[in-house]
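Coordinates from data_4.cif are shown below (mmCIF, C-alpha atoms).
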data_run
#
loop_
_atom_site.label_atom_id
_atom_site.label_comp_id
_atom_site.auth_asym_id
_atom_site.auth_seq_id
_atom_site.Cartn_x
_atom_site.Cartn_y
_atom_site.Cartn_z
CA MET K 609 40.39 -35.86 4.34
CA LYS K 610 42.94 -36.99 1.75
CA TYR K 611 44.55 -33.65 0.82
CA ILE K 612 45.40 -30.37 2.47
CA ASP K 613 45.76 -26.91 0.98
CA THR K 614 47.91 -25.15 3.55
CA HIS K 615 47.60 -21.69 2.01
CA ALA K 616 44.45 -20.44 0.30
CA HIS K 617 42.29 -17.34 0.34
CA MET K 618 38.63 -18.34 0.13
CA ASN K 619 38.19 -15.35 2.45
CA PHE K 620 38.94 -13.06 -0.53
CA ALA K 621 36.43 -11.14 -2.64
CA ALA K 622 37.24 -13.38 -5.63
CA TYR K 623 34.84 -15.93 -4.11
CA ASP K 624 32.02 -13.62 -3.08
CA ASP K 625 29.70 -14.90 -5.82
CA ASP K 626 30.15 -18.65 -5.25
CA ARG K 627 32.05 -19.19 -1.98
CA ASP K 628 29.60 -21.79 -0.66
CA ASN K 629 30.00 -23.88 -3.82
CA VAL K 630 33.79 -23.67 -3.68
CA ILE K 631 33.79 -24.75 -0.04
CA ALA K 632 31.38 -27.58 -0.83
CA ARG K 633 33.79 -28.84 -3.50
CA THR K 634 36.65 -28.96 -1.01
CA ASN K 635 34.52 -31.18 1.20
CA THR K 636 33.52 -33.46 -1.69
CA ASP K 637 37.13 -33.62 -2.91
CA GLU K 638 38.42 -34.43 0.60
CA VAL K 639 40.54 -31.29 0.94
CA MET K 640 41.29 -29.62 4.26
CA VAL K 641 42.01 -25.91 3.80
CA ILE K 642 43.87 -23.28 5.78
CA ASN K 643 42.61 -19.84 4.74
CA VAL K 644 45.18 -17.13 5.30
CA GLY K 645 44.49 -13.53 6.24
CA THR K 646 46.30 -10.53 4.79
CA GLN K 647 44.95 -7.74 7.02
CA ARG K 648 42.31 -7.27 9.73
CA ASP K 649 39.19 -7.86 7.63
CA THR K 650 40.40 -10.90 5.69
CA SER K 651 41.88 -12.37 8.87
CA ARG K 652 38.62 -12.03 10.75
CA PHE K 653 36.70 -13.58 7.86
CA ALA K 654 39.14 -16.51 7.71
CA VAL K 655 38.31 -17.24 11.35
CA GLU K 656 34.57 -16.95 10.69
CA LEU K 657 34.80 -19.47 7.84
CA ALA K 658 36.84 -21.85 9.97
CA GLU K 659 34.25 -21.70 12.72
CA GLN K 660 31.52 -22.61 10.23
CA HIS K 661 33.23 -25.64 8.64
CA ASP K 662 35.01 -28.52 10.37
CA HIS K 663 37.60 -28.98 7.60
CA LEU K 664 38.63 -25.31 7.40
CA TYR K 665 41.26 -23.57 9.53
CA ALA K 666 42.59 -20.02 9.72
CA ILE K 667 45.88 -18.19 9.84
CA ILE K 668 45.70 -14.50 10.70
CA GLY K 669 48.02 -11.59 10.11
CA LEU K 670 49.19 -8.63 8.06
CA HIS K 671 50.72 -9.16 4.62
CA PRO K 672 53.91 -7.11 4.18
CA ILE K 673 52.52 -5.19 1.20
CA HIS K 674 49.68 -3.93 3.40
CA THR K 675 51.98 -2.28 5.93
CA THR K 676 52.11 0.84 3.72
CA ALA K 677 50.21 2.29 0.77
CA SER K 678 50.05 -0.59 -1.67
CA PHE K 679 48.90 -1.96 -4.98
CA HIS K 680 45.21 -2.78 -4.70
CA ASP K 681 44.00 -6.20 -5.80
CA HIS K 682 40.25 -6.43 -6.36
CA ASP K 683 40.38 -10.22 -6.01
CA GLU K 684 41.48 -9.67 -2.43
CA VAL K 685 39.23 -7.06 -0.86
CA GLY K 686 36.86 -6.08 -3.64
CA GLU K 687 35.57 -2.71 -4.77
CA GLY K 688 34.74 -1.53 -1.26
CA GLY K 689 38.26 -2.02 0.03
CA ASP K 690 40.10 0.61 -1.98
CA GLU K 691 40.33 3.19 0.78
CA PHE K 692 41.35 0.68 3.44
CA THR K 693 44.06 -0.98 1.39
CA SER K 694 45.60 2.19 0.03
CA ARG K 695 46.31 3.69 3.45
CA GLY K 696 48.13 0.64 4.82
CA GLU K 697 47.82 -0.92 8.25
CA ASP K 698 49.95 -1.05 11.37
CA PHE K 699 50.36 -4.46 12.97
CA ASP K 700 47.94 -4.17 15.89
CA VAL K 701 49.30 -6.80 18.27
CA ASP K 702 46.31 -6.59 20.60
CA TYR K 703 43.84 -7.07 17.75
CA TYR K 704 45.62 -10.12 16.40
CA ARG K 705 46.25 -11.58 19.85
CA ASN K 706 42.55 -11.33 20.69
CA LEU K 707 41.54 -12.77 17.32
CA ALA K 708 43.97 -15.68 17.70
CA GLN K 709 42.65 -16.46 21.16
CA SER K 710 39.03 -16.24 20.05
CA SER K 711 39.06 -19.62 18.28
CA ASN K 712 40.97 -22.90 18.44
CA LYS K 713 40.66 -22.99 14.63
CA VAL K 714 43.40 -20.33 14.39
CA VAL K 715 46.54 -22.38 13.75
CA GLY K 716 49.15 -19.76 12.86
CA LEU K 717 50.12 -16.14 12.27
CA GLY K 718 50.71 -14.52 8.86
CA GLU K 719 51.13 -14.20 6.07
CA CYS K 720 54.01 -12.08 7.21
CA GLY K 721 57.53 -11.40 6.08
CA LEU K 722 59.25 -9.20 3.52
CA ASP K 723 58.14 -8.30 -0.01
CA TYR K 724 60.70 -6.38 -2.06
CA TYR K 725 58.85 -6.44 -5.39
CA ARG K 726 57.63 -2.86 -4.96
CA ASN K 727 59.58 -1.19 -2.19
CA THR K 728 61.47 1.79 -0.83
CA PRO K 729 63.58 2.17 2.33
CA GLU K 730 60.40 3.34 4.10
CA THR K 731 58.37 0.29 3.07
CA ARG K 732 61.20 -2.02 4.12
CA ASP K 733 61.27 -0.46 7.58
CA ALA K 734 57.49 -0.84 7.95
CA GLN K 735 57.59 -4.44 6.75
CA GLU K 736 60.38 -5.37 9.15
CA LYS K 737 58.57 -3.79 12.08
CA ALA K 738 55.38 -5.75 11.31
CA PHE K 739 57.34 -8.95 10.72
CA ARG K 740 59.03 -8.71 14.09
CA GLY K 741 55.63 -8.12 15.65
CA HIS K 742 54.34 -11.36 14.14
CA ILE K 743 57.38 -13.32 15.30
CA GLU K 744 57.11 -12.05 18.85
CA LEU K 745 53.36 -12.74 19.04
CA ALA K 746 53.85 -16.21 17.54
CA LEU K 747 56.40 -17.02 20.21
CA GLU K 748 54.12 -15.66 22.91
CA LEU K 749 51.13 -17.72 21.72
CA ASP K 750 53.21 -20.74 20.62
CA LEU K 751 51.90 -20.59 17.05
CA PRO K 752 53.70 -21.23 13.73
CA LEU K 753 54.41 -18.46 11.24
CA MET K 754 53.18 -18.34 7.64
CA LEU K 755 56.00 -16.60 5.79
CA HIS K 756 55.62 -14.49 2.65
CA VAL K 757 59.01 -13.78 1.09
CA ARG K 758 59.37 -12.06 -2.27
CA PRO K 759 62.82 -10.86 -3.32
CA SER K 760 63.58 -8.02 -5.69
CA GLU K 761 64.01 -9.09 -9.31
CA GLY K 762 67.09 -11.18 -9.97
CA SER K 763 67.97 -11.45 -6.30
CA MET K 764 67.46 -13.58 -3.19
CA ASP K 765 67.70 -10.51 -0.93
CA ALA K 766 64.38 -10.89 0.89
CA TYR K 767 65.12 -14.52 1.74
CA HIS K 768 68.48 -13.59 3.24
CA ASP K 769 66.95 -10.72 5.24
CA VAL K 770 64.12 -12.91 6.57
CA LEU K 771 66.60 -15.57 7.66
CA THR K 772 68.75 -12.96 9.39
CA ILE K 773 65.76 -11.66 11.35
CA LEU K 774 64.51 -15.14 12.28
CA ARG K 775 67.93 -16.15 13.60
CA GLU K 776 67.73 -13.34 16.14
CA TYR K 777 64.82 -15.17 17.79
CA VAL K 778 66.35 -18.65 17.94
CA GLY K 779 66.25 -19.81 21.55
CA SER K 780 63.41 -17.42 22.46
CA GLY K 781 60.68 -20.05 22.08
CA ASN K 782 59.30 -22.63 19.69
CA LEU K 783 60.15 -20.83 16.45
CA ARG K 784 58.67 -22.67 13.46
CA GLY K 785 56.47 -22.16 10.43
CA GLN K 786 55.90 -22.47 6.70
CA THR K 787 57.77 -20.70 3.92
CA HIS K 788 54.86 -20.11 1.56
CA PHE K 789 55.26 -20.26 -2.25
CA PHE K 790 58.96 -20.95 -1.93
CA ALA K 791 61.00 -19.86 -4.94
CA GLY K 792 64.50 -19.78 -3.50
CA THR K 793 67.45 -22.13 -3.95
CA PRO K 794 67.90 -25.58 -2.39
CA GLU K 795 70.57 -24.08 -0.15
CA ILE K 796 68.19 -21.38 1.13
CA ALA K 797 65.46 -23.97 1.62
CA GLN K 798 67.82 -25.94 3.85
CA GLU K 799 68.52 -22.83 5.93
CA PHE K 800 64.80 -22.46 6.60
CA ILE K 801 64.48 -26.16 7.40
CA ASP K 802 67.37 -25.86 9.87
CA LEU K 803 65.40 -23.13 11.66
CA GLY K 804 62.30 -25.35 11.98
CA PHE K 805 60.39 -24.29 8.87
CA TYR K 806 58.59 -26.30 6.21
CA ILE K 807 58.77 -25.56 2.47
CA SER K 808 55.52 -25.30 0.50
CA PHE K 809 54.86 -25.48 -3.21
CA THR K 810 52.01 -24.14 -5.35
CA GLY K 811 50.54 -25.05 -8.74
CA VAL K 812 53.42 -23.23 -10.43
CA ILE K 813 55.39 -26.49 -10.21
CA THR K 814 52.94 -28.03 -12.70
CA PHE K 815 54.07 -25.72 -15.51
CA ALA K 816 57.51 -24.37 -14.53
CA GLY K 817 60.31 -26.93 -14.84
CA MET K 818 62.72 -24.79 -12.83
CA TYR K 819 61.20 -26.15 -9.60
CA GLU K 820 62.11 -29.82 -10.11
CA LYS K 821 65.62 -29.55 -8.65
CA LEU K 822 64.24 -27.66 -5.68
CA VAL K 823 61.46 -30.18 -4.97
CA LYS K 824 63.96 -33.03 -5.19
CA ALA K 825 66.16 -31.29 -2.61
CA VAL K 826 63.48 -30.78 0.05
CA PRO K 827 63.01 -33.81 2.36
CA MET K 828 59.62 -35.52 2.20
CA ASN K 829 58.97 -34.75 5.86
CA ARG K 830 59.34 -31.00 5.25
CA ILE K 831 57.15 -30.54 2.15
CA LEU K 832 53.72 -28.87 2.21
CA SER K 833 51.18 -28.37 -0.59
CA GLU K 834 49.22 -25.21 -1.27
CA THR K 835 47.29 -23.43 -4.00
CA ASP K 836 47.53 -19.75 -3.01
CA ALA K 837 44.03 -19.65 -4.52
CA PRO K 838 42.69 -17.62 -6.28
CA TYR K 839 46.18 -17.17 -7.79
CA VAL K 840 48.71 -19.40 -9.68
CA THR K 841 46.24 -21.89 -11.10
CA PRO K 842 47.89 -25.22 -11.93
CA HIS K 843 47.87 -27.10 -15.20
CA PRO K 844 45.40 -28.14 -16.68
CA TYR K 845 43.24 -25.30 -15.30
CA ARG K 846 45.49 -22.43 -16.38
CA GLY K 847 43.49 -19.32 -17.28
CA GLN K 848 40.76 -20.07 -14.72
CA ARG K 849 40.42 -18.81 -11.18
CA ASN K 850 42.24 -21.16 -8.84
CA GLU K 851 40.55 -22.93 -5.93
CA PRO K 852 41.68 -25.26 -3.13
CA SER K 853 40.35 -28.43 -4.78
CA HIS K 854 43.12 -28.01 -7.36
CA VAL K 855 45.70 -28.86 -4.71
CA ARG K 856 45.47 -32.43 -6.00
CA GLU K 857 47.37 -31.30 -9.10
CA VAL K 858 50.15 -30.03 -6.84
CA ILE K 859 50.28 -33.33 -4.98
CA GLN K 860 50.38 -35.29 -8.23
CA LYS K 861 53.31 -33.23 -9.50
CA LEU K 862 55.18 -33.51 -6.19
CA ALA K 863 54.69 -37.29 -6.30
CA LYS K 864 55.95 -37.46 -9.88
CA ILE K 865 59.09 -35.45 -9.09
CA LYS K 866 59.74 -37.42 -5.89
CA LYS K 867 58.96 -40.71 -7.70
CA VAL K 868 56.46 -41.90 -5.11
CA ASP K 869 52.81 -42.90 -5.28
CA GLU K 870 50.32 -40.02 -5.16
CA ASN K 871 48.65 -41.49 -2.08
CA VAL K 872 52.00 -41.71 -0.30
CA MET K 873 52.72 -38.07 -1.12
CA ALA K 874 49.26 -36.93 -0.02
CA GLN K 875 49.53 -38.77 3.28
CA GLN K 876 53.02 -37.42 3.95
CA VAL K 877 51.86 -33.85 3.39
CA ILE K 878 48.89 -34.37 5.72
CA GLU K 879 51.24 -35.70 8.40
CA ASN K 880 53.60 -32.74 7.91
CA ALA K 881 50.75 -30.24 8.23
CA LYS K 882 49.40 -31.93 11.33
CA ARG K 883 52.84 -31.88 12.90
CA LEU K 884 53.31 -28.17 12.19
CA TYR K 885 49.81 -26.86 12.84
CA GLY K 886 48.44 -29.35 15.36
CA ILE K 887 45.29 -29.99 13.33
#

Same coordinates, now as structure tokens:
Amino acid sequence: MKYIDTHAHMNFAAYDDDRDNVIARTNTDEVMVINVGTQRDTSRFAVELAEQHDHLYAIIGLHPIHTTASFHDHDEVGEGGDEFTSRGEDFDVDYYRNLAQSSNKVVGLGECGLDYYRNTPETRDAQEKAFRGHIELALELDLPLMLHVRPSEGSMDAYHDVLTILREYVGSGNLRGQTHFFAGTPEIAQEFIDLGFYISFTGVITFAGMYEKLVKAVPMNRILSETDAPYVTPHPYRGQRNEPSHVREVIQKLAKIKKVDENVMAQQVIENAKRLYGI
């Protein structure tokens, strides 16, 4: 495989009508994919897909917005998931431990972290509790974390809080992971790198010039590519549903910013992902 999409959601309802075709395209386009869970059902389905396809892997966990009553996204769980999503979910450590141990295709835990876009003191407490649960289970199972960090508008608050929590666990085990859809500063990126984390970029870098300085600042051996499909579709596919095969557009843009050949960039990202996830 030439490319890797380290964060996608082909386990979401957005692909219910043509999932097999989308997966077939990833194979044809030489794209390995890590599908990421956001609660129990999508995590379990990510594992099932990984078991069915050699080039697919799974990361399992509880998205911070699903720790309490949350905005419902039909692309994620579909019409039948309204009741489940609206009530929220506690991080069931036994469930996720058993699911992680059920397959060697599970390569990490998440997406977990802090999301301050829609929040109250109560939601922050619930998110932090779940986040700590992921960290402790990841250390127990020696798995990387897939971090979701979304600050409140005009702030970097969630990044600072995540870093503060992670630092409490330094020295407790092999703490490491991926900071998904990173939108912080170069200085914050370096703080994550210093803790053993990789920085990943989505298709947003193909149409938002604000990311160039950030991409330039992240070392080649710490960059990962992702689509976050079905979201943030890259140029020139804007307006369409995103899919993992579009990760090539991310790689091409990363290569352009870094001033290296596309094949060099693609190979470096594959090596980085293998080093982090052991795939």

When the PyMOL selection byres ((chain K and resi 806) around 8) is applied to the file above, which residues end up in the set, as a compact mmCIF listing (two decimals) with C-alpha atoms, keeping the file's coordinate frame?
# COMPACT_ATOMS: atom_id res chain seq x y z
CA GLY K 785 56.47 -22.16 10.43
CA GLN K 786 55.90 -22.47 6.70
CA THR K 787 57.77 -20.70 3.92
CA PHE K 800 64.80 -22.46 6.60
CA ILE K 801 64.48 -26.16 7.40
CA GLY K 804 62.30 -25.35 11.98
CA PHE K 805 60.39 -24.29 8.87
CA ILE K 807 58.77 -25.56 2.47
CA SER K 808 55.52 -25.30 0.50
CA ARG K 830 59.34 -31.00 5.25
CA ILE K 831 57.15 -30.54 2.15
CA LEU K 832 53.72 -28.87 2.21

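The two atoms in question, CA of Tyr777 in chain K and CA of Ala746 in chain K, are spaced 11.0 Å apart.
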
Notebook entry, point to check: Applied to the shown file, which residues does the PyMOL selection byres ((chain K and resi 718-729) around 8) return, written as a PyMOL selection string?
Noted result: chain K and resi 644-646+667-673+716-717+730-733+735-736+738-739+742+753-761+766+770

One residue among K:Leu749, K:Ala708, K:Ile743, K:Val641 is nearest to Arg775 in chain K when using only C-alpha atoms, and that residue is K:Ile743

task: Using the chain letters and numbers from the file, give me the residues hit by the PyMOL selection byres ((chain K and resi 659) around 12), as a ChimeraX atom specification.
output: /K:642-643,652-658,660-666,710-714
